[in-house]
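Participant: Quick one: structure below, then a few questions.
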Amino acid sequence: MTLALFLGVLIGSILLGLPVAFALLLAAMALMLQMGLFSADILAQSLINGVDSFPLLAIPFFLVAGEVMATGGLSQRIVRMAMVMIGHRRGGLGYVAVLTAILIAGLSGSAVADAAALVAILYPMMKKAGYPEGSSVGLLASGGIIAPVIPPSLPLILIGVAGNISIKNLFLGGIAPGLMMGAALILVWWWLMRKEDLETIERATGAERLVAFREGIWALFLPIIIIGGIRFGIFTPTEAAVVAAVYAILISVVVYRELTMKLFFRVLVNAGRTTAMVMFLVGCAMVAAWLITVAQLPQQLAQMLGPLVESPRLLMLVIMIIVLAVGMVMDLAPTVLILVPLLMPVIKLAGIDPVYFGLMFVINTSIGLITPPVGNVLNVVCGVSRVPMSKAVTGAFPFILAYLLLLLAFIFVPELVTVPMNWFIG
């Protein structure tokens with residue numbers, strides 16, 4: 001009864017157009033009333049305590065680093081470096097897009113920001129060279145969703161907080177799956193472009209490669225510093241966010257000299273707005289998570305999924321199907337904050353590694369960012385490129401299929417994720 005009430009109020013509120021944060025608060029209030037626990041003081045205190053978390057401090061600093069990357073010249077240098085390395089090959093701009101997506105993912109951790117940057121820089125070149133519009137946009141959108149998987153990743157921070165999972169282990173565990181996602185895109189792009197008559201650019205000279213590498217190396221140091229510092233225990237993920245923001249600002253101001261005071265003010269305003277939205281959503285979700293625990297909703301869900309607990313792979317398959325369906329109509333962050341508190345007790349009961357589950361959850365919900373009917377990243381890409389949504393969906397379909405096949409491989413052969421994860425964690 002309580003589970004049906006919570007889901008009914010939540011889904012009904014969202015369908016009526018209420019923002020997800022307020023829908024979560026309303027669902028939490030419905031649970032409080034049903035259990036006779038309603039108190040405005042408890043509600044306000046829980047909302048404030050929900051964001052009173054040291055790991056969540058990483059979010060504003062990583063957002064600042066991402067904004068600086070876009071405005072301070074770091075992303076442009078990375079694109080240039082990828083261009084001189086592999087841009088001359090058949091379909092080379094597609095390979096440049098994937099390589100750039102992987103490298104930029106190590107700087108910002110935001111799928112929307114990365115996809116927008118990729119489209120703004122690379123799509124005009126691809127269009128001019130005669131690349132198919134649908135496939136180009138589909139590839140750029142699909143490359144953008146690698147960002148939530150490769151550290152630093154805002155969704156991994158959220159799932160770490162919501163599920164009480166080690167953010168350090170999530171960061172280190174996301175490296176291998178993110179690289180595999182990039183490899184899958186490259187294979188599909190090669191297959192699609194193998195017979196296309198495309199314009200290619202001239203192979204870069206050794207001097208041009210040296211110049212591009214010398215300019216881009218400063219940007220490449222950022223993910224190395226973040227991952228290396230976390231891996232060897234020099235700093236925590238939250239401290240890594242501060243290091244990333246300070247480093248990005250210094251490089252943009254001192255080395256590239258493209259970040260002016262006017263641009264920096266805009267960076268802080270954009271990062272502040274996004275932080276406010278994310279933190280309010282997190283606070284509302286933590287209120288709901290507390291009441292979910294009090295109402296024993298996870299136990300009710302565990303009873304429903306009880307027959308599957310003895311078969312972890314089958315349980316993961318069922319959960320991933322549910323998550324994929326939800327992710328197709330809801331943004332990544334709300335999906336994480338709503339479902340993870342419900343599912344974590346079931347995952348632990350089945351003996352599934354929480355870090356592995358967290359990575360699978362983020363990969364799954366990332367795919368939802370490029371699938372209709374919502375597809376936030378796909379919408380952003382279409383808006384920037386001015387390509388019709390119908391053409392973008394058709395172009396993205398082969399890449400979505402490749403991601404789904406990779407997700408199935410991760411479900412039935414979890415060692416693909418856990419073995420490199422344990423190696424990185426040490």
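Please note that chains go A, B, ... in the order of the structure tokens, that every chain numbers its residues from 1, and that ligands are numbered from 1 in the order shown.
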With only C-alpha atoms as the counted atoms, please give the residues lying no more than 12 Å from Lys168 in chain A, apart from itself and same-chain residues fewer than 5 positions off, as an mmCIF file with all heavy atoms, in the first residue's frame.
Facilitator:
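The result, written out as around-v6.cif:
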```cif
data_model
loop_
_atom_site.group_PDB
_atom_site.id
_atom_site.type_symbol
_atom_site.label_atom_id
_atom_site.label_comp_id
_atom_site.auth_asym_id
_atom_site.auth_seq_id
_atom_site.Cartn_x
_atom_site.Cartn_y
_atom_site.Cartn_z
ATOM 1 N N PRO A 55 30.881 14.946 0.467
ATOM 2 C CA PRO A 55 31.079 14.540 -0.932
ATOM 3 C C PRO A 55 30.341 15.414 -1.933
ATOM 4 O O PRO A 55 30.804 15.589 -3.060
ATOM 5 C CB PRO A 55 30.542 13.101 -0.951
ATOM 6 C CG PRO A 55 30.697 12.613 0.443
ATOM 7 C CD PRO A 55 30.444 13.816 1.303
ATOM 8 N N ALA A 58 31.863 18.352 -4.059
ATOM 9 C CA ALA A 58 32.566 18.141 -5.329
ATOM 10 C C ALA A 58 31.763 18.684 -6.503
ATOM 11 O O ALA A 58 32.341 19.090 -7.525
ATOM 12 C CB ALA A 58 32.835 16.644 -5.530
ATOM 13 N N PRO A 151 35.434 9.259 -14.878
ATOM 14 C CA PRO A 151 35.633 10.308 -13.863
ATOM 15 C C PRO A 151 36.334 11.534 -14.447
ATOM 16 O O PRO A 151 37.116 11.388 -15.383
ATOM 17 C CB PRO A 151 36.517 9.614 -12.826
ATOM 18 C CG PRO A 151 37.245 8.548 -13.588
ATOM 19 C CD PRO A 151 36.278 8.084 -14.645
ATOM 20 N N PRO A 152 36.040 12.728 -13.891
ATOM 21 C CA PRO A 152 35.105 13.026 -12.802
ATOM 22 C C PRO A 152 33.678 13.055 -13.326
ATOM 23 O O PRO A 152 33.415 13.638 -14.377
ATOM 24 C CB PRO A 152 35.542 14.405 -12.333
ATOM 25 C CG PRO A 152 36.080 15.053 -13.572
ATOM 26 C CD PRO A 152 36.722 13.943 -14.370
ATOM 27 N N SER A 153 32.756 12.431 -12.622
ATOM 28 C CA SER A 153 31.383 12.293 -13.091
ATOM 29 C C SER A 153 30.419 12.753 -12.011
ATOM 30 O O SER A 153 30.442 12.225 -10.898
ATOM 31 C CB SER A 153 31.110 10.832 -13.462
ATOM 32 O OG SER A 153 29.736 10.574 -13.523
ATOM 33 N N LEU A 156 28.068 9.881 -10.874
ATOM 34 C CA LEU A 156 28.717 8.936 -9.973
ATOM 35 C C LEU A 156 28.786 9.493 -8.552
ATOM 36 O O LEU A 156 28.682 8.742 -7.574
ATOM 37 C CB LEU A 156 30.123 8.598 -10.478
ATOM 38 C CG LEU A 156 30.208 7.720 -11.731
ATOM 39 C CD1 LEU A 156 31.670 7.461 -12.114
ATOM 40 C CD2 LEU A 156 29.475 6.401 -11.547
ATOM 41 N N ILE A 157 28.949 10.806 -8.431
ATOM 42 C CA ILE A 157 28.916 11.430 -7.100
ATOM 43 C C ILE A 157 27.525 11.280 -6.495
ATOM 44 O O ILE A 157 27.374 10.913 -5.322
ATOM 45 C CB ILE A 157 29.311 12.915 -7.189
ATOM 46 C CG1 ILE A 157 30.774 13.063 -7.638
ATOM 47 C CG2 ILE A 157 29.113 13.607 -5.837
ATOM 48 C CD1 ILE A 157 31.177 14.495 -7.951
ATOM 49 N N ILE A 159 25.179 9.042 -7.208
ATOM 50 C CA ILE A 159 24.842 7.660 -6.868
ATOM 51 C C ILE A 159 25.649 7.190 -5.660
ATOM 52 O O ILE A 159 25.186 6.362 -4.868
ATOM 53 C CB ILE A 159 25.054 6.722 -8.086
ATOM 54 C CG1 ILE A 159 24.145 5.488 -7.956
ATOM 55 C CG2 ILE A 159 26.497 6.272 -8.229
ATOM 56 C CD1 ILE A 159 24.059 4.664 -9.212
ATOM 57 N N GLY A 160 26.857 7.743 -5.488
ATOM 58 C CA GLY A 160 27.641 7.418 -4.306
ATOM 59 C C GLY A 160 26.980 7.923 -3.044
ATOM 60 O O GLY A 160 26.927 7.219 -2.023
ATOM 61 N N VAL A 161 26.429 9.139 -3.111
ATOM 62 C CA VAL A 161 25.739 9.713 -1.953
ATOM 63 C C VAL A 161 24.410 9.009 -1.706
ATOM 64 O O VAL A 161 24.084 8.640 -0.573
ATOM 65 C CB VAL A 161 25.514 11.226 -2.161
ATOM 66 C CG1 VAL A 161 24.639 11.803 -1.054
ATOM 67 C CG2 VAL A 161 26.859 11.953 -2.195
ATOM 68 N N GLY A 173 36.403 2.711 -11.000
ATOM 69 C CA GLY A 173 35.726 1.643 -11.730
ATOM 70 C C GLY A 173 35.116 2.088 -13.032
ATOM 71 O O GLY A 173 34.849 1.262 -13.912
ATOM 72 N N GLY A 174 34.868 3.392 -13.210
ATOM 73 C CA GLY A 174 34.243 3.881 -14.428
ATOM 74 C C GLY A 174 35.177 4.033 -15.606
ATOM 75 O O GLY A 174 34.725 4.221 -16.748
ATOM 76 N N ILE A 175 36.478 3.938 -15.377
ATOM 77 C CA ILE A 175 37.447 4.167 -16.459
ATOM 78 C C ILE A 175 37.297 3.131 -17.569
ATOM 79 O O ILE A 175 37.132 3.474 -18.751
ATOM 80 C CB ILE A 175 38.888 4.161 -15.907
ATOM 81 C CG1 ILE A 175 39.072 5.290 -14.896
ATOM 82 C CG2 ILE A 175 39.896 4.303 -17.043
ATOM 83 C CD1 ILE A 175 40.397 5.226 -14.143
ATOM 84 N N ILE A 226 43.567 14.281 -11.643
ATOM 85 C CA ILE A 226 42.388 13.840 -10.899
ATOM 86 C C ILE A 226 42.451 12.350 -10.595
ATOM 87 O O ILE A 226 42.356 11.916 -9.435
ATOM 88 C CB ILE A 226 41.099 14.178 -11.681
ATOM 89 C CG1 ILE A 226 40.910 15.694 -11.779
ATOM 90 C CG2 ILE A 226 39.882 13.534 -11.008
ATOM 91 C CD1 ILE A 226 39.796 16.092 -12.723
ATOM 92 N N ILE A 227 42.624 11.539 -11.653
ATOM 93 C CA ILE A 227 42.601 10.078 -11.481
ATOM 94 C C ILE A 227 43.811 9.614 -10.682
ATOM 95 O O ILE A 227 43.696 8.784 -9.770
ATOM 96 C CB ILE A 227 42.541 9.381 -12.859
ATOM 97 C CG1 ILE A 227 41.222 9.736 -13.562
ATOM 98 C CG2 ILE A 227 42.662 7.867 -12.696
ATOM 99 C CD1 ILE A 227 41.141 9.282 -14.998
ATOM 100 N N GLY A 228 44.985 10.157 -11.016
ATOM 101 C CA GLY A 228 46.197 9.762 -10.299
ATOM 102 C C GLY A 228 46.141 10.128 -8.825
ATOM 103 O O GLY A 228 46.513 9.335 -7.961
ATOM 104 N N GLY A 229 45.648 11.334 -8.544
ATOM 105 C CA GLY A 229 45.555 11.774 -7.150
ATOM 106 C C GLY A 229 44.608 10.927 -6.329
ATOM 107 O O GLY A 229 44.898 10.578 -5.183
ATOM 108 N N ILE A 230 43.458 10.555 -6.942
ATOM 109 C CA ILE A 230 42.497 9.707 -6.233
ATOM 110 C C ILE A 230 43.042 8.292 -6.078
ATOM 111 O O ILE A 230 42.932 7.672 -5.016
ATOM 112 C CB ILE A 230 41.147 9.696 -6.986
ATOM 113 C CG1 ILE A 230 40.508 11.082 -6.940
ATOM 114 C CG2 ILE A 230 40.204 8.654 -6.392
ATOM 115 C CD1 ILE A 230 39.254 11.202 -7.794
ATOM 116 N N ARG A 231 43.643 7.766 -7.147
ATOM 117 C CA ARG A 231 44.130 6.384 -7.125
ATOM 118 C C ARG A 231 45.198 6.179 -6.063
ATOM 119 O O ARG A 231 45.209 5.154 -5.355
ATOM 120 C CB ARG A 231 44.695 6.018 -8.515
ATOM 121 C CG ARG A 231 45.485 4.708 -8.586
ATOM 122 C CD ARG A 231 44.607 3.510 -8.267
ATOM 123 N NE ARG A 231 45.358 2.277 -8.328
ATOM 124 C CZ ARG A 231 46.133 1.787 -7.380
ATOM 125 N NH1 ARG A 231 46.268 2.461 -6.230
ATOM 126 N NH2 ARG A 231 46.770 0.655 -7.522
ATOM 127 N N PHE A 232 46.092 7.128 -5.911
ATOM 128 C CA PHE A 232 47.217 6.958 -4.986
ATOM 129 C C PHE A 232 46.958 7.607 -3.621
ATOM 130 O O PHE A 232 47.879 7.759 -2.815
ATOM 131 C CB PHE A 232 48.498 7.509 -5.608
ATOM 132 C CG PHE A 232 48.934 6.732 -6.829
ATOM 133 C CD1 PHE A 232 48.793 7.267 -8.095
ATOM 134 C CD2 PHE A 232 49.466 5.460 -6.692
ATOM 135 C CE1 PHE A 232 49.179 6.561 -9.223
ATOM 136 C CE2 PHE A 232 49.863 4.737 -7.814
ATOM 137 C CZ PHE A 232 49.715 5.273 -9.081
ATOM 138 N N GLY A 233 45.713 8.004 -3.390
ATOM 139 C CA GLY A 233 45.327 8.494 -2.078
ATOM 140 C C GLY A 233 45.862 9.864 -1.717
ATOM 141 O O GLY A 233 45.933 10.221 -0.543
ATOM 142 N N ILE A 234 46.248 10.657 -2.722
ATOM 143 C CA ILE A 234 46.766 11.995 -2.453
ATOM 144 C C ILE A 234 45.640 12.910 -1.998
ATOM 145 O O ILE A 234 45.829 13.758 -1.120
ATOM 146 C CB ILE A 234 47.474 12.556 -3.704
ATOM 147 C CG1 ILE A 234 48.654 11.651 -4.097
ATOM 148 C CG2 ILE A 234 47.955 13.988 -3.457
ATOM 149 C CD1 ILE A 234 49.290 12.022 -5.412
ATOM 150 N N PHE A 235 44.473 12.759 -2.615
ATOM 151 C CA PHE A 235 43.309 13.523 -2.171
ATOM 152 C C PHE A 235 42.034 12.733 -2.441
ATOM 153 O O PHE A 235 42.016 11.778 -3.217
ATOM 154 C CB PHE A 235 43.225 14.910 -2.837
ATOM 155 C CG PHE A 235 43.655 14.947 -4.280
ATOM 156 C CD1 PHE A 235 42.921 14.318 -5.278
ATOM 157 C CD2 PHE A 235 44.799 15.633 -4.657
ATOM 158 C CE1 PHE A 235 43.310 14.369 -6.604
ATOM 159 C CE2 PHE A 235 45.207 15.694 -5.983
ATOM 160 C CZ PHE A 235 44.454 15.054 -6.959
ATOM 161 N N THR A 236 40.966 13.138 -1.772
ATOM 162 C CA THR A 236 39.656 12.511 -1.938
ATOM 163 C C THR A 236 38.990 13.046 -3.210
ATOM 164 O O THR A 236 39.442 14.054 -3.779
ATOM 165 C CB THR A 236 38.755 12.820 -0.735
ATOM 166 O OG1 THR A 236 38.472 14.237 -0.730
ATOM 167 C CG2 THR A 236 39.423 12.432 0.574
ATOM 168 N N PRO A 237 37.897 12.405 -3.679
ATOM 169 C CA PRO A 237 37.189 12.947 -4.848
ATOM 170 C C PRO A 237 36.731 14.389 -4.660
ATOM 171 O O PRO A 237 36.767 15.175 -5.606
ATOM 172 C CB PRO A 237 35.991 11.994 -4.984
ATOM 173 C CG PRO A 237 36.480 10.696 -4.439
ATOM 174 C CD PRO A 237 37.394 11.077 -3.302
ATOM 175 N N THR A 238 36.319 14.754 -3.449
ATOM 176 C CA THR A 238 35.898 16.137 -3.197
ATOM 177 C C THR A 238 37.080 17.091 -3.317
ATOM 178 O O THR A 238 36.980 18.167 -3.929
ATOM 179 C CB THR A 238 35.268 16.258 -1.800
ATOM 180 O OG1 THR A 238 34.201 15.315 -1.691
ATOM 181 C CG2 THR A 238 34.738 17.656 -1.571
ATOM 182 N N GLU A 239 38.214 16.708 -2.736
ATOM 183 C CA GLU A 239 39.418 17.537 -2.857
ATOM 184 C C GLU A 239 39.900 17.580 -4.302
ATOM 185 O O GLU A 239 40.429 18.602 -4.767
ATOM 186 C CB GLU A 239 40.505 16.987 -1.938
ATOM 187 C CG GLU A 239 40.172 17.133 -0.459
ATOM 188 C CD GLU A 239 41.035 16.259 0.439
ATOM 189 O OE1 GLU A 239 41.709 15.338 -0.071
ATOM 190 O OE2 GLU A 239 41.022 16.480 1.656
ATOM 191 N N ALA A 240 39.695 16.476 -5.032
ATOM 192 C CA ALA A 240 40.076 16.444 -6.447
ATOM 193 C C ALA A 240 39.278 17.468 -7.241
ATOM 194 O O ALA A 240 39.798 18.065 -8.201
ATOM 195 C CB ALA A 240 39.848 15.045 -7.016
ATOM 196 N N VAL A 355 29.437 -1.224 -6.038
ATOM 197 C CA VAL A 355 30.157 -0.381 -6.996
ATOM 198 C C VAL A 355 29.815 -0.805 -8.428
ATOM 199 O O VAL A 355 29.556 0.035 -9.299
ATOM 200 C CB VAL A 355 31.681 -0.451 -6.766
ATOM 201 C CG1 VAL A 355 32.420 0.396 -7.793
ATOM 202 C CG2 VAL A 355 32.023 0.004 -5.357
ATOM 203 N N MET A 421 38.113 -2.867 -12.691
ATOM 204 C CA MET A 421 37.769 -2.025 -11.560
ATOM 205 C C MET A 421 38.646 -2.368 -10.369
ATOM 206 O O MET A 421 39.234 -1.478 -9.726
ATOM 207 C CB MET A 421 36.299 -2.211 -11.202
ATOM 208 C CG MET A 421 35.833 -1.473 -9.952
ATOM 209 S SD MET A 421 34.087 -1.812 -9.582
ATOM 210 C CE MET A 421 34.243 -3.484 -8.874
ATOM 211 N N ASN A 422 38.760 -3.646 -10.059
ATOM 212 C CA ASN A 422 39.581 -4.078 -8.916
ATOM 213 C C ASN A 422 41.062 -3.789 -9.164
ATOM 214 O O ASN A 422 41.815 -3.513 -8.223
ATOM 215 C CB ASN A 422 39.377 -5.566 -8.642
ATOM 216 C CG ASN A 422 37.971 -5.863 -8.113
ATOM 217 O OD1 ASN A 422 37.383 -5.031 -7.436
ATOM 218 N ND2 ASN A 422 37.434 -7.023 -8.428
ATOM 219 N N PHE A 424 42.265 -1.181 -10.928
ATOM 220 C CA PHE A 424 42.471 0.252 -10.705
ATOM 221 C C PHE A 424 42.402 0.596 -9.220
ATOM 222 O O PHE A 424 43.193 1.415 -8.729
ATOM 223 C CB PHE A 424 41.406 1.063 -11.466
ATOM 224 C CG PHE A 424 41.718 1.291 -12.919
ATOM 225 C CD1 PHE A 424 40.926 0.732 -13.910
ATOM 226 C CD2 PHE A 424 42.818 2.046 -13.286
ATOM 227 C CE1 PHE A 424 41.202 0.932 -15.249
ATOM 228 C CE2 PHE A 424 43.121 2.256 -14.632
ATOM 229 C CZ PHE A 424 42.305 1.700 -15.613
ATOM 230 N N ILE A 425 41.448 -0.045 -8.515
ATOM 231 C CA ILE A 425 41.303 0.236 -7.093
ATOM 232 C C ILE A 425 42.512 -0.273 -6.316
ATOM 233 O O ILE A 425 42.951 0.326 -5.337
ATOM 234 C CB ILE A 425 39.996 -0.395 -6.549
ATOM 235 C CG1 ILE A 425 38.786 0.331 -7.177
ATOM 236 C CG2 ILE A 425 39.933 -0.292 -5.025
ATOM 237 C CD1 ILE A 425 37.466 -0.326 -6.853
ATOM 238 N N GLY A 426 43.057 -1.395 -6.793
ATOM 239 C CA GLY A 426 44.234 -1.976 -6.144
ATOM 240 C C GLY A 426 43.863 -2.770 -4.925
ATOM 241 O O GLY A 426 44.602 -2.842 -3.964
#
```
Participant: Identify, on the basis of only C-alpha atoms, every residue whose closest approach to Lys348 in chain A does not exceed 10 Å; exclude the query and any residue fewer than 5 positions from it along the same chain; express the result as a PyMOL selection string.
Facilitator: chain A and resi 309+343+353-354+357
Participant: With N, CA and C atoms retained, write the just-selected residues as a compact mmCIF listing (two decimals), in the first residue's frame.
Facilitator:
```txt
# COMPACT_ATOMS: atom_id res chain seq x y z
N VAL A 309 16.29 -12.98 -6.30
CA VAL A 309 17.46 -12.70 -5.47
C VAL A 309 18.50 -13.81 -5.57
N LEU A 343 16.46 0.46 -4.48
CA LEU A 343 17.04 -0.77 -5.00
C LEU A 343 18.25 -1.27 -4.21
N ASP A 353 27.92 -6.62 -6.02
CA ASP A 353 28.85 -5.57 -5.64
C ASP A 353 28.19 -4.20 -5.84
N PRO A 354 28.06 -3.38 -4.80
CA PRO A 354 27.41 -2.07 -4.95
C PRO A 354 28.10 -1.16 -5.96
N PHE A 357 27.08 -2.32 -9.36
CA PHE A 357 25.70 -1.91 -9.60
C PHE A 357 25.63 -0.41 -9.91
```
Participant: Just to confirm, what's the straight-line distance from CA of Asn364 in chain A to CA of Ser46 in chain A in Å (one decimal)?
Facilitator: 29.3 Å
Participant: Name the residues of range 43-117 of chain A that fall into helix (DSSP H, G or I) according to DSSP on the backbone, using the chain letters and numbers of this document, as a count of residues only.
Facilitator: 60
Participant: Could you pull the residues within 8 Å of range 287-294 of chain A, counting only C-alpha atoms, minus those fewer than 6 positions along the same chain, as number ranges by chain?
Facilitator: A: 24-25, 27-28, 31-32, 43, 46-47, 50, 338, 341-342
Participant: Quick one: distance from CA of Val51 in chain A to CA of Met69 in chain A in Å, one decimal?
Facilitator: 26.2 Å
Participant: With distances taken over only C-alpha atoms, which of A:Met277, A:Pro372, A:Trp191, A:Arg203 is nearest to Ile86 in chain A?
Facilitator: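 Closest to Ile86 in chain A of all the choices is A:Arg203.
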Participant: Report as JSON, numbers by chain all protein, DNA and RNA residues lying within 12 Å of Ile322 in chain A, evaluated on only C-alpha atoms, omitting residues in the same chain fewer than 3 positions from it.
Facilitator: {"A": [315, 316, 317, 318, 319, 325, 326, 327, 328, 329, 335, 339, 343, 361, 364, 365, 368]}
Participant: Which is closest to Ser75 in chain A among A:Trp190, A:Gly17, A:Ala248, A:Leu308, if we use only C-alpha atoms?
Facilitator: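 Going through A:Trp190, A:Gly17, A:Ala248, A:Leu308 one by one, the smallest distance to Ser75 in chain A is for A:Ala248.
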